[in-house]
Amino acid sequence: MTDTERKGAVLPVAKEPGDTVLDFLRMAMTKEAADAVILPMKVPSGDSYAWILMNDISLLDDAVPIVPTMPVQGAKALRSLTRKGPGNLKVIAVMRPCEIRAAMELSKLGQVHSENLILATYDCPGAVQLQKYVDDPAGGDERFSGMLKKGNPDDSAKSVCHYCENFSIFDSDIHFGYLGLSEKEVLLVPGSGKGTEFLEELGLDLKKDLSSWEKGIEEIRADRVKTRKNSFEETEIQLRDIDGLLSVFANCIGCHNCQSACPICYCRLCYFDSETAEQDPDALITAAEKRGGISLPVDRIMFHTGRMAHMSLSCVSCGQCSDACPVSIPVADVFSYVADQTQNTFEYIAGLNDGDPLPLRQFRKAELPGVHELVKDADAEVPSHE
Amino acid sequence: MKDFEMRESGQDKKLRAKVGVYVCECGPNIAGKVDLDKILADLSELDDYQDVELVVKKYGFLCSGPGKEFLEEEIKSNGFTHLVVGACSPRDHDSTFMSICEKTDLNPYLYRIINIREHCTWVIDDKEKATEKAFSYIRGGIARVLRQSELFEKPLDINPDVLVIGGGISGMEAALSLSGEDRRVFLVEKTDRLGGVSIDLSGLLPGQGEVVKKKMESVTEDKNIRLFLNTRVETVIGFLGNFEIELVSKENAETTEIMAGAIVVATGSELFEPANSDNYSYSESDEVYTSISIEKMFSGEGEAKLRSGMKPSSVALIHCVGREEKNYCSGICCSYMMKLAGFFKNQSPDIQVTEFYRDLCLPQKDDQERYNEAEADGVTFIRIKDISTKGTDVSFEKMNGEKGEQSFDMVVLAPAMEPSADTEELADLLTVPLDESGFFQEVHKMTNPVGTSTDGVFIVGTAHGPKGVSDSMQFARASAGQILTRLIPGEKLIPEVKVTEILEAYCTGCGNCLDVCVYGAIYSDDSRGISVVNEAVCRGCGNCFGSCPSGALRTKHFTNTQLYREVDEALR
């Protein structure tokens with residue numbers, strides 16, 4: 001993904017990277033390069049954040065662009081704004097890389113229309129688990145500012161953050177880079193034609209060499225890759241067979257919170273909540289007779305495997321599902337592990353292959369030979385018997 | 001047809017369902033391999049459990065004349081609400097039993113055939129096991145049929161007119177076969193003349209030029225054929241019986257909108273460019289010709305001469321030019337290269353003619369004779385596995401590995417036929433897939449080579465793949481035959497009944513279904529942000545049904561509920 005030719009701009013550094021982002025947004029709004037911004041703002045009770053679409057520049061004072069935790073996945077905010085079309089106004093959204101990646105997947109699924117959006121990401125050190133943050137917001141803030149300094153998540157962060165390789169990406173329209181730099185500065189890097197145009201319009205000088213920042217990021221990434229391998233090995237052992245799978249999800253209470261929190265699950269009504277998934281009592285009694293007993297409500301495990309089948313190719317490993325689980329099932333670790341395998345199968349990385357169609361929607365010629373064999377078999381004349 | 005609204009889905013308990021279950025003995029095929037009486041007895045006991053009234057019977061051959069009459073009488077006298085037939089593969093007799101239902105008050109979609117022959121008796125030797133499996137299948141079938149819904153045919157008005165794209169020999173043949181008092185043909189040709197490649201190729205085939213010219217005259221004179229020269233097809237929307245087409249003139253960009261019931265694609269092919277292969281290098285001044293240019297020389301001047309005006313004393317005829325690159329045999333070149341050899345021999349009997357070929361392809365009935373004549377005339381045939389030319393110098397490697405080099409006065413190349421340049425664009429427009437070689441893909445090589453996956457769009461001539469004039473004309477007539485029997489003026493068309501519907505409340509417009517629909521039957525309604533099915537185009541293949549994560553799509557007669565209940569019961 002790295003492009004050594006890429007150049008960026010250096011922004012005047014404010015107190016924290018987040019303040020620098022706000023200064024940039026104020027400038028963009030003042031120059032009328034954008035009509036509105038989407039940013040997190042602290043909720044009145046002070047223990048969480050909400051996405052606010054704001055076009056009043058004074059509201060920016062209370063916004064927290066680089067936010068310690070992830071209450072609602074940002075892609076869901078973008079979906080709710082643009083589901084019915086791109087609209088006519090230009091909006092800048094500043095979100096974590098996993099949120100923008102989810103939005104890119106949703107745009108391939110007709111759920112987000114990004115034509116008039118400027119999608120901005122920043123170097124993400126990780127996110128504090130939602131429950132931990134809600135329980136102790138001040139502690140959460142402190143932990144997060146520590147993570148920002150170190151560039152790595154600590155034990156308050158979501159488990160997926162520890163092995164996230166895409167905490168800094170070039171695939172959004174613009175990206176704020178600051179991790180792994182020896183000097184205190186914030187770089188502004190365009191990731192798309194739209195982003196470059198936008199920054200040039202603002203009169204920014206895109207000449208800054210990015211190599212020292214890229215090197216710093218690569219070092220952090222190397223650690224994450226190692227952790228990722230270890231985590232997947234552990235998950236693999238847990239999921240070794242059907243009993244392993246059953247035991248991971250054994251205490252699932254069927255609340256479907258993981259699905260509601262998932263940015264990719266875009267169905268209006270989940271198949272598993274629909275009438276079709278409701279079963280005939282006789283069939284269930286028969287199944288119980290055969291196996292000696294069945295667990296009710298039915299399809300608790302099927303719900304998870306079904307969801308994997310439906311969304312794992314687009315899973316961005318944002319970890320929202322684990323945060324939403326009231327019974328501490330490591331949903332995100334399991335899904336991340338499965339997604340890694342399904343996406344590898346199709347040489348696809350959710351949210352990063354901007355121009356590529358979703359793997360199940362395209363038919364590659366290289367996939368043909370196998371199919372041809374099948375077709376040949378099916379073509380073999382069936383003898384007719386009257 | 002009687003109104004069955006109370007019985008829909010078999011879920012209405014006020015009217016108790018009455019299911020007829022008829023098991024066909026199929027002579028010894030079924031009766032000899034299972035304990036039929038046990039199956040019948042076990043099935044009879046299912047009525048309480050299913051909360052239905054069951055009538056269970058067996059019969060020798062239900063597909064026989066008396067069998068059909070028996071079944072019809074049973075349905076009528078018992079007043080069945082549903083019918084299950086345990087018999088053979090639906091490929092054999094599904095339609096037979098559906099027609100019997102149609103003769104009664106029973107909607108044919110409230111009937112189900114259960115294949116206990118291919119799936120049970122023919123594949124299980126153990127009688128007890130076969131009996132058990134056949135029983136389970138039929139039990140599943142009863143559960144399924146009770147959840148089936150009545151479906152009704154919706155006849156559509158049709159337009160019998162036809163659009164033919166391409167004015168070559170096959171396009172003209174199709175147009176002439178189709179045009180008539182009650183059927184107009186719109187013949188669209190991209191160039192400024194009719195005849196296509198067949199005109200260029202007329203020199204070699206005695207009489208062909210006359211045939212082509214006659215066709216051109218007939219087309220021009222036919223008042224039921226409307227000819228559009230210098231015109232291309234801009235848009236196509238619709239389906240068999242109802243296509244809306246926009247044509248654009250290349251001269252003045254004027255558009256014409258026409259309506260047609262079917263489309264015949266006769267866009268022909270082009271010749272492989274030898275210069276695109278590393279093996280053949282020559283410049284304009286070299287005495288190197290392609291099959292078409294040498295034909296023009298023969299038909300124009302009556303003889304083949306070198307640029308010096310001299311007749312050549314040696315000529316190399318190189319077959320299979322581009323065959324390696326294209327990976328298919330064009331099938332007609334061997335035949336005309338041998339004819340060409342005859343022409344050269346006629347012109348100067350002492351000429352040394354050498355034919356280089358990879359494989360000889362002699363499919364036409366007089367090809368062998370032509371080959372024998374060429375051999376008798378002293379033509380040298382060299383089978384090669386590799387060849388290259390530089391001007392008129394030929395280097396080759398024979399099958400046994402022996403290498404050779406030879407210089408000739410003249411070299412004639414027989415390039416492969418390849419898809420026309422516009423093929424891909426047109427395929428997109430018509431939502432017809434292309435095959436591996438880039439030609440239009442037929443429905444089935446043997447059983448329906450002129451049909452395509454888009455019902456109502458037919459491919460003829462070399463748009464389908466390399467072929468000669470005679471085959472091209474046969475294809476054209478075959479497509480005309482299909483159109484004449486299916487689009488009868490004044491009659492209505494009955495589209496597929498078992499189509500897919502979208503439950504709008506569930507759909508969120510992700511477009512998965514749109515991408516996997518091979519018939520172009522689904523479109524996106526952007527204002528509502530959902531997908532919509534055009535039922536007249538849908539063929540009920542179920543691709544979309546499988547691609548929809550939320551179950552917003554439902555293929556009629558194959559709903560999840562129907563399938564699940566059948567499986568549940570079969571495995572019970």
# chains A, B, ... in the order shown; residues from 1 in each chain; ligands from 1

call {"tool": "residues_around", "arguments": {"residues": "range 65-68 of chain A", "least_positions_apart": "4", "cutoff": "9 Å", "atoms": "only C-alpha atoms", "output": "list in words"}}
result
Pro17, Gly18, Asp19, Val21, Leu22, Ile38, Leu39, Pro40, Met41, Tyr49, Val94, Met95, Arg96, Tyr122, Cys124, Gly126, Ala127, Val128, Gln129, Tyr133, Gly140, Asp141, Arg143, Phe144 and Ser145 of chain A

call {"tool": "interface_residues", "arguments": {"of": "chain A", "to": "chain B", "cutoff": "8 Å", "atoms": "only C-alpha atoms", "output": "compact mmCIF listing (two decimals) with all heavy atoms, in the first residue's frame"}}
result
# COMPACT_ATOMS: atom_id res chain seq x y z
N ARG A 83 -27.45 7.31 2.66
CA ARG A 83 -28.10 6.11 2.15
C ARG A 83 -28.95 6.39 0.90
O ARG A 83 -28.98 5.63 -0.05
CB ARG A 83 -28.95 5.50 3.27
CG ARG A 83 -30.06 4.56 2.83
CD ARG A 83 -29.56 3.16 2.51
NE ARG A 83 -30.67 2.33 2.06
CZ ARG A 83 -30.93 2.05 0.79
NH1 ARG A 83 -30.14 2.51 -0.17
NH2 ARG A 83 -31.96 1.30 0.44
N LYS A 84 -29.65 7.52 0.91
CA LYS A 84 -30.56 7.80 -0.20
C LYS A 84 -29.91 8.62 -1.31
O LYS A 84 -30.60 9.07 -2.23
CB LYS A 84 -31.80 8.53 0.32
CG LYS A 84 -32.74 7.63 1.10
CD LYS A 84 -33.79 7.01 0.19
CE LYS A 84 -34.57 5.94 0.91
NZ LYS A 84 -35.82 5.61 0.25
N LYS A 108 -19.69 0.25 -1.81
CA LYS A 108 -19.81 -0.78 -2.85
C LYS A 108 -21.15 -1.50 -2.74
O LYS A 108 -21.60 -2.15 -3.68
CB LYS A 108 -18.68 -1.81 -2.71
CG LYS A 108 -17.32 -1.24 -3.02
CD LYS A 108 -16.23 -2.28 -2.89
CE LYS A 108 -14.87 -1.62 -3.03
NZ LYS A 108 -13.78 -2.58 -2.99
N LEU A 109 -21.75 -1.41 -1.56
CA LEU A 109 -23.03 -2.09 -1.34
C LEU A 109 -24.21 -1.12 -1.45
O LEU A 109 -25.32 -1.42 -1.01
CB LEU A 109 -23.02 -2.76 0.04
CG LEU A 109 -22.07 -3.95 0.16
CD1 LEU A 109 -21.69 -4.23 1.60
CD2 LEU A 109 -22.69 -5.19 -0.48
N GLY A 110 -23.95 0.03 -2.03
CA GLY A 110 -25.03 0.99 -2.26
C GLY A 110 -25.58 1.63 -1.00
O GLY A 110 -26.65 2.23 -1.04
N GLN A 111 -24.87 1.51 0.11
CA GLN A 111 -25.40 2.03 1.36
C GLN A 111 -24.83 3.40 1.71
O GLN A 111 -25.40 4.14 2.49
CB GLN A 111 -25.10 1.05 2.52
CG GLN A 111 -25.55 -0.37 2.25
CD GLN A 111 -27.04 -0.44 1.98
OE1 GLN A 111 -27.85 -0.01 2.78
NE2 GLN A 111 -27.40 -0.98 0.82
N TYR A 266 -25.90 -4.60 6.80
CA TYR A 266 -26.71 -3.49 6.30
C TYR A 266 -28.15 -3.87 6.05
O TYR A 266 -28.95 -3.06 5.64
CB TYR A 266 -26.09 -2.94 5.01
CG TYR A 266 -25.96 -3.99 3.93
CD1 TYR A 266 -27.03 -4.28 3.08
CD2 TYR A 266 -24.79 -4.72 3.79
CE1 TYR A 266 -26.91 -5.26 2.11
CE2 TYR A 266 -24.67 -5.70 2.83
CZ TYR A 266 -25.73 -5.96 1.99
OH TYR A 266 -25.62 -6.94 1.04
N CYS A 267 -28.49 -5.17 6.25
CA CYS A 267 -29.86 -5.58 5.93
C CYS A 267 -30.86 -4.82 6.78
O CYS A 267 -30.62 -4.53 7.94
CB CYS A 267 -30.03 -7.08 6.17
SG CYS A 267 -29.01 -8.07 5.08
N ARG A 268 -31.99 -4.51 6.19
CA ARG A 268 -33.07 -3.87 6.96
C ARG A 268 -33.53 -4.79 8.08
O ARG A 268 -33.79 -4.37 9.19
CB ARG A 268 -34.28 -3.62 6.07
CG ARG A 268 -34.19 -2.37 5.28
CD ARG A 268 -35.53 -2.17 4.59
NE ARG A 268 -35.34 -1.50 3.33
CZ ARG A 268 -35.18 -0.18 3.23
NH1 ARG A 268 -35.19 0.57 4.30
NH2 ARG A 268 -35.01 0.37 2.06
N LEU A 269 -33.67 -6.04 7.69
CA LEU A 269 -34.09 -7.03 8.69
C LEU A 269 -33.16 -8.21 8.51
O LEU A 269 -33.02 -8.73 7.41
CB LEU A 269 -35.54 -7.47 8.41
CG LEU A 269 -36.07 -8.56 9.34
CD1 LEU A 269 -36.25 -8.02 10.75
CD2 LEU A 269 -37.40 -9.10 8.83
N CYS A 270 -32.49 -8.59 9.60
CA CYS A 270 -31.57 -9.71 9.50
C CYS A 270 -32.39 -10.96 9.16
O CYS A 270 -33.48 -11.18 9.69
CB CYS A 270 -30.84 -9.92 10.82
SG CYS A 270 -29.69 -11.30 10.75
N TYR A 271 -31.81 -11.75 8.27
CA TYR A 271 -32.47 -12.99 7.88
C TYR A 271 -32.88 -13.80 9.11
O TYR A 271 -33.94 -14.40 9.16
CB TYR A 271 -31.54 -13.80 7.00
CG TYR A 271 -32.07 -15.17 6.68
CD1 TYR A 271 -33.02 -15.33 5.67
CD2 TYR A 271 -31.67 -16.28 7.42
CE1 TYR A 271 -33.54 -16.58 5.41
CE2 TYR A 271 -32.20 -17.52 7.16
CZ TYR A 271 -33.13 -17.67 6.15
OH TYR A 271 -33.65 -18.89 5.90
N THR A 276 -38.87 -16.31 7.81
CA THR A 276 -38.36 -17.53 7.17
C THR A 276 -37.51 -18.35 8.12
O THR A 276 -37.46 -19.57 8.03
CB THR A 276 -37.50 -17.15 5.95
OG1 THR A 276 -38.10 -16.03 5.32
CG2 THR A 276 -37.38 -18.30 4.99
N ASP A 280 -40.72 -24.74 12.07
CA ASP A 280 -41.92 -25.49 12.36
C ASP A 280 -41.70 -26.30 13.64
O ASP A 280 -40.67 -26.96 13.79
CB ASP A 280 -42.15 -26.43 11.18
CG ASP A 280 -43.48 -27.12 11.27
OD1 ASP A 280 -43.60 -28.09 12.05
OD2 ASP A 280 -44.40 -26.68 10.56
N ALA A 283 -40.77 -29.93 13.23
CA ALA A 283 -39.40 -30.17 12.76
C ALA A 283 -38.43 -30.08 13.94
O ALA A 283 -37.48 -30.85 14.04
CB ALA A 283 -39.03 -29.16 11.68
N THR A 286 -38.73 -33.13 16.11
CA THR A 286 -38.04 -34.24 15.45
C THR A 286 -36.54 -34.14 15.68
O THR A 286 -35.88 -35.13 15.99
CB THR A 286 -38.31 -34.20 13.94
OG1 THR A 286 -39.71 -34.14 13.76
CG2 THR A 286 -37.76 -35.43 13.26
N ALA A 287 -36.01 -32.92 15.50
CA ALA A 287 -34.57 -32.73 15.68
C ALA A 287 -34.18 -33.08 17.11
O ALA A 287 -33.15 -33.73 17.35
CB ALA A 287 -34.19 -31.29 15.35
N HIS A 310 -22.17 -13.96 5.42
CA HIS A 310 -22.70 -12.78 4.73
C HIS A 310 -21.72 -11.62 4.71
O HIS A 310 -21.67 -10.88 3.75
CB HIS A 310 -24.00 -12.32 5.40
CG HIS A 310 -25.16 -13.20 5.06
ND1 HIS A 310 -26.36 -13.13 5.73
CD2 HIS A 310 -25.32 -14.16 4.14
CE1 HIS A 310 -27.20 -14.02 5.23
NE2 HIS A 310 -26.58 -14.66 4.27
N ARG A 361 -19.18 -10.73 -6.28
CA ARG A 361 -19.98 -10.15 -7.35
C ARG A 361 -19.27 -10.20 -8.68
O ARG A 361 -19.82 -9.80 -9.70
CB ARG A 361 -20.24 -8.69 -7.04
CG ARG A 361 -21.24 -8.49 -5.96
CD ARG A 361 -21.72 -7.10 -6.13
NE ARG A 361 -22.45 -6.66 -4.99
CZ ARG A 361 -22.91 -5.42 -4.91
NH1 ARG A 361 -22.67 -4.58 -5.87
NH2 ARG A 361 -23.60 -5.07 -3.87
N GLN A 362 -18.01 -10.60 -8.69
CA GLN A 362 -17.32 -10.61 -9.97
C GLN A 362 -16.87 -12.03 -10.26
O GLN A 362 -16.68 -12.84 -9.35
CB GLN A 362 -16.14 -9.66 -10.00
CG GLN A 362 -14.94 -10.28 -9.35
CD GLN A 362 -13.67 -9.51 -9.46
OE1 GLN A 362 -12.94 -9.47 -8.53
NE2 GLN A 362 -13.39 -8.89 -10.59
N SER A 384 -32.41 -41.08 -21.64
CA SER A 384 -33.84 -40.87 -21.41
C SER A 384 -34.53 -42.22 -21.15
O SER A 384 -34.26 -43.20 -21.81
CB SER A 384 -34.43 -40.18 -22.63
OG SER A 384 -35.76 -40.52 -22.78
N HIS A 385 -35.37 -42.26 -20.16
CA HIS A 385 -36.10 -43.48 -19.84
C HIS A 385 -37.58 -43.16 -19.82
O HIS A 385 -38.01 -42.30 -19.08
CB HIS A 385 -35.70 -44.02 -18.46
CG HIS A 385 -34.26 -44.42 -18.41
ND1 HIS A 385 -33.81 -45.66 -18.73
CD2 HIS A 385 -33.16 -43.70 -18.09
CE1 HIS A 385 -32.50 -45.71 -18.60
NE2 HIS A 385 -32.09 -44.53 -18.21
N GLU A 386 -38.30 -43.81 -20.64
CA GLU A 386 -39.74 -43.50 -20.66
C GLU A 386 -40.47 -44.33 -19.63
O GLU A 386 -40.11 -45.46 -19.36
CB GLU A 386 -40.30 -43.77 -22.06
CG GLU A 386 -39.99 -42.66 -23.05
CD GLU A 386 -40.56 -41.30 -22.60
OE1 GLU A 386 -41.72 -41.26 -22.17
OE2 GLU A 386 -39.83 -40.31 -22.68

call {"tool": "select_by_dssp", "arguments": {"residues": "range 233-422 of chain B", "states": "helix (DSSP H, G or I)", "output": "PyMOL selection string"}}
result
chain B and resi 274-276+291-301+323-326+333-347+367-376

call {"tool": "residues_around", "arguments": {"residues": "Cys517 in chain B", "least_positions_apart": "2", "cutoff": "12 Å", "atoms": "only C-alpha atoms", "output": "VMD selection string"}}
result
(chain A and resid 361 to 362) or (chain B and resid 431 to 433 453 to 454 500 511 to 515 519 to 523 531 to 534 537 to 548)

call {"tool": "write_last_selection", "arguments": {"atoms": "N, CA and C atoms", "output": "compact mmCIF listing (two decimals), in the first residue's frame"}}
result
# COMPACT_ATOMS: atom_id res chain seq x y z
N ARG A 361 -19.18 -10.73 -6.28
CA ARG A 361 -19.98 -10.15 -7.35
C ARG A 361 -19.27 -10.20 -8.68
N GLN A 362 -18.01 -10.60 -8.69
CA GLN A 362 -17.32 -10.61 -9.97
C GLN A 362 -16.87 -12.03 -10.26
N THR B 431 -26.84 -7.78 -23.10
CA THR B 431 -26.59 -8.65 -21.94
C THR B 431 -26.47 -10.13 -22.35
N VAL B 432 -25.68 -10.34 -23.39
CA VAL B 432 -25.38 -11.71 -23.83
C VAL B 432 -23.90 -11.96 -23.54
N PRO B 433 -23.56 -13.05 -22.87
CA PRO B 433 -22.15 -13.30 -22.57
C PRO B 433 -21.36 -13.73 -23.82
N SER B 453 -28.51 -16.54 -23.72
CA SER B 453 -29.09 -16.50 -22.38
C SER B 453 -30.14 -15.39 -22.27
N THR B 454 -30.13 -14.44 -23.19
CA THR B 454 -31.20 -13.44 -23.21
C THR B 454 -32.26 -13.93 -24.19
N THR B 500 -38.75 -14.62 -9.74
CA THR B 500 -38.36 -14.12 -8.42
C THR B 500 -39.06 -12.80 -8.14
N GLY B 511 -27.52 -4.30 -4.21
CA GLY B 511 -27.15 -4.56 -5.58
C GLY B 511 -26.47 -5.89 -5.84
N ASN B 512 -26.36 -6.75 -4.83
CA ASN B 512 -25.80 -8.09 -5.06
C ASN B 512 -26.55 -8.79 -6.19
N CYS B 513 -27.88 -8.75 -6.11
CA CYS B 513 -28.73 -9.47 -7.06
C CYS B 513 -28.53 -8.94 -8.47
N LEU B 514 -28.36 -7.63 -8.55
CA LEU B 514 -28.18 -6.99 -9.84
C LEU B 514 -26.93 -7.51 -10.55
N ASP B 515 -25.88 -7.69 -9.75
CA ASP B 515 -24.61 -8.14 -10.33
C ASP B 515 -24.66 -9.60 -10.76
N TYR B 519 -29.69 -12.39 -16.74
CA TYR B 519 -30.71 -12.05 -17.73
C TYR B 519 -31.00 -10.55 -17.78
N GLY B 520 -30.33 -9.79 -16.93
CA GLY B 520 -30.60 -8.35 -16.89
C GLY B 520 -32.02 -8.07 -16.45
N ALA B 521 -32.55 -8.93 -15.57
CA ALA B 521 -33.95 -8.79 -15.17
C ALA B 521 -34.12 -7.89 -13.95
N ILE B 522 -33.00 -7.50 -13.32
CA ILE B 522 -33.12 -6.70 -12.10
C ILE B 522 -32.53 -5.32 -12.37
N TYR B 523 -33.23 -4.31 -11.93
CA TYR B 523 -32.66 -2.97 -12.04
C TYR B 523 -32.80 -2.25 -10.72
N SER B 531 -33.84 -2.65 -5.19
CA SER B 531 -33.78 -3.33 -6.47
C SER B 531 -35.18 -3.76 -6.88
N VAL B 532 -35.40 -3.82 -8.18
CA VAL B 532 -36.72 -4.20 -8.69
C VAL B 532 -36.54 -5.28 -9.76
N VAL B 533 -37.42 -6.29 -9.75
CA VAL B 533 -37.34 -7.36 -10.75
C VAL B 533 -38.34 -7.11 -11.87
N ASN B 534 -37.87 -7.24 -13.09
CA ASN B 534 -38.78 -7.23 -14.23
C ASN B 534 -39.20 -8.67 -14.48
N VAL B 537 -38.76 -10.61 -17.78
CA VAL B 537 -37.43 -10.99 -18.22
C VAL B 537 -36.87 -12.11 -17.35
N CYS B 538 -37.30 -12.14 -16.08
CA CYS B 538 -36.78 -13.12 -15.11
C CYS B 538 -37.09 -14.54 -15.58
N ARG B 539 -36.09 -15.42 -15.40
CA ARG B 539 -36.30 -16.82 -15.78
C ARG B 539 -36.31 -17.71 -14.54
N GLY B 540 -36.26 -17.10 -13.38
CA GLY B 540 -36.37 -17.87 -12.15
C GLY B 540 -35.18 -18.78 -11.86
N CYS B 541 -33.98 -18.36 -12.29
CA CYS B 541 -32.81 -19.23 -12.09
C CYS B 541 -32.39 -19.29 -10.63
N GLY B 542 -32.72 -18.24 -9.85
CA GLY B 542 -32.43 -18.27 -8.42
C GLY B 542 -31.08 -17.73 -8.03
N ASN B 543 -30.28 -17.26 -8.99
CA ASN B 543 -28.97 -16.66 -8.65
C ASN B 543 -29.13 -15.56 -7.61
N CYS B 544 -30.09 -14.68 -7.87
CA CYS B 544 -30.27 -13.51 -7.00
C CYS B 544 -30.72 -13.96 -5.61
N PHE B 545 -31.58 -14.92 -5.59
CA PHE B 545 -32.12 -15.48 -4.36
C PHE B 545 -30.96 -15.93 -3.47
N GLY B 546 -29.97 -16.56 -4.09
CA GLY B 546 -28.82 -17.02 -3.32
C GLY B 546 -27.90 -15.90 -2.89
N SER B 547 -27.93 -14.78 -3.61
CA SER B 547 -26.99 -13.70 -3.31
C SER B 547 -27.53 -12.73 -2.27
N CYS B 548 -28.80 -12.82 -1.96
CA CYS B 548 -29.42 -11.82 -1.07
C CYS B 548 -29.23 -12.22 0.38

call {"tool": "residues_around", "arguments": {"residues": "range 188-191 of chain B", "least_positions_apart": "6", "cutoff": "12 Å", "atoms": "only C-alpha atoms", "output": "NGL selection string"}}
result
:B and (162-169 or 171-172 or 175 or 197 or 219 or 225-234 or 245-251 or 256 or 258 or 263-268 or 420-422)

call {"tool": "select_by_dssp", "arguments": {"residues": "range 44-202 of chain A", "states": "strand (DSSP E)", "output": "list in words"}}
result
Tyr49, Ala50, Trp51, Ile52, Leu53, Met54, Val91, Ile92, Ala93, Val94, Met95, Leu117, Ile118, Leu119, Ala120, Thr121, Tyr122, Ile174, His175, Phe176, Gly177, Val186, Leu187, Leu188, Val189 and Pro190 of chain A

call {"tool": "atom_distance", "arguments": {"atom1": "CA of Arg300 in chain A", "atom2": "CA of Gly140 in chain B"}}
result
25.5 Å

call {"tool": "residues_around", "arguments": {"residues": "Gly86 in chain B", "least_positions_apart": "3", "cutoff": "8 Å", "atoms": "only C-alpha atoms", "output": "list in words"}}
result
Val21, Tyr22, Val23, Cys24, Ile113, Ile114, Asn115, Ile116 and Ile138 of chain B

call {"tool": "atom_distance", "arguments": {"atom1": "CA of Glu284 in chain B", "atom2": "CA of Ile351 in chain B"}}
result
23.4 Å

call {"tool": "residues_around", "arguments": {"residues": "Ala478 in chain B", "least_positions_apart": "6", "cutoff": "10 Å", "atoms": "only C-alpha atoms", "output": "ChimeraX atom specification"}}
result
/B:174,177,448-451,458-460,472,484

call {"tool": "write_last_selection", "arguments": {"atoms": "N, CA, C and O atoms", "output": "compact mmCIF listing (two decimals), in the first residue's frame"}}
result
# COMPACT_ATOMS: atom_id res chain seq x y z
N ALA B 174 -31.55 -14.28 -42.69
CA ALA B 174 -32.50 -14.23 -41.59
C ALA B 174 -33.63 -13.27 -41.94
O ALA B 174 -34.82 -13.58 -41.77
N SER B 177 -35.96 -14.76 -44.50
CA SER B 177 -36.77 -15.87 -43.98
C SER B 177 -37.88 -15.35 -43.08
O SER B 177 -38.91 -15.98 -42.93
N ASN B 448 -29.06 -25.98 -28.86
CA ASN B 448 -29.57 -24.66 -29.26
C ASN B 448 -28.43 -23.70 -29.53
O ASN B 448 -28.15 -22.80 -28.76
N PRO B 449 -27.75 -23.90 -30.67
CA PRO B 449 -26.59 -23.04 -30.96
C PRO B 449 -26.95 -21.62 -31.36
O PRO B 449 -26.07 -20.77 -31.39
N VAL B 450 -28.22 -21.34 -31.69
CA VAL B 450 -28.54 -19.97 -32.11
C VAL B 450 -29.16 -19.15 -30.98
O VAL B 450 -29.23 -17.93 -31.07
N GLY B 451 -29.59 -19.81 -29.90
CA GLY B 451 -30.20 -19.07 -28.80
C GLY B 451 -29.13 -18.50 -27.88
O GLY B 451 -27.98 -18.92 -27.89
N PHE B 458 -30.91 -13.82 -30.71
CA PHE B 458 -30.35 -14.99 -31.39
C PHE B 458 -29.04 -14.61 -32.09
O PHE B 458 -28.88 -13.47 -32.51
N ILE B 459 -28.12 -15.58 -32.18
CA ILE B 459 -26.87 -15.30 -32.87
C ILE B 459 -26.75 -16.21 -34.09
O ILE B 459 -26.99 -17.42 -33.99
N VAL B 460 -26.36 -15.63 -35.20
CA VAL B 460 -26.24 -16.41 -36.43
C VAL B 460 -24.93 -16.07 -37.13
O VAL B 460 -24.28 -15.09 -36.79
N SER B 472 -23.52 -20.50 -42.22
CA SER B 472 -24.04 -19.21 -41.78
C SER B 472 -25.51 -19.09 -42.15
O SER B 472 -26.33 -18.62 -41.36
N LEU B 484 -40.26 -17.65 -35.68
CA LEU B 484 -41.57 -17.86 -36.31
C LEU B 484 -42.49 -18.71 -35.44
O LEU B 484 -43.70 -18.50 -35.42
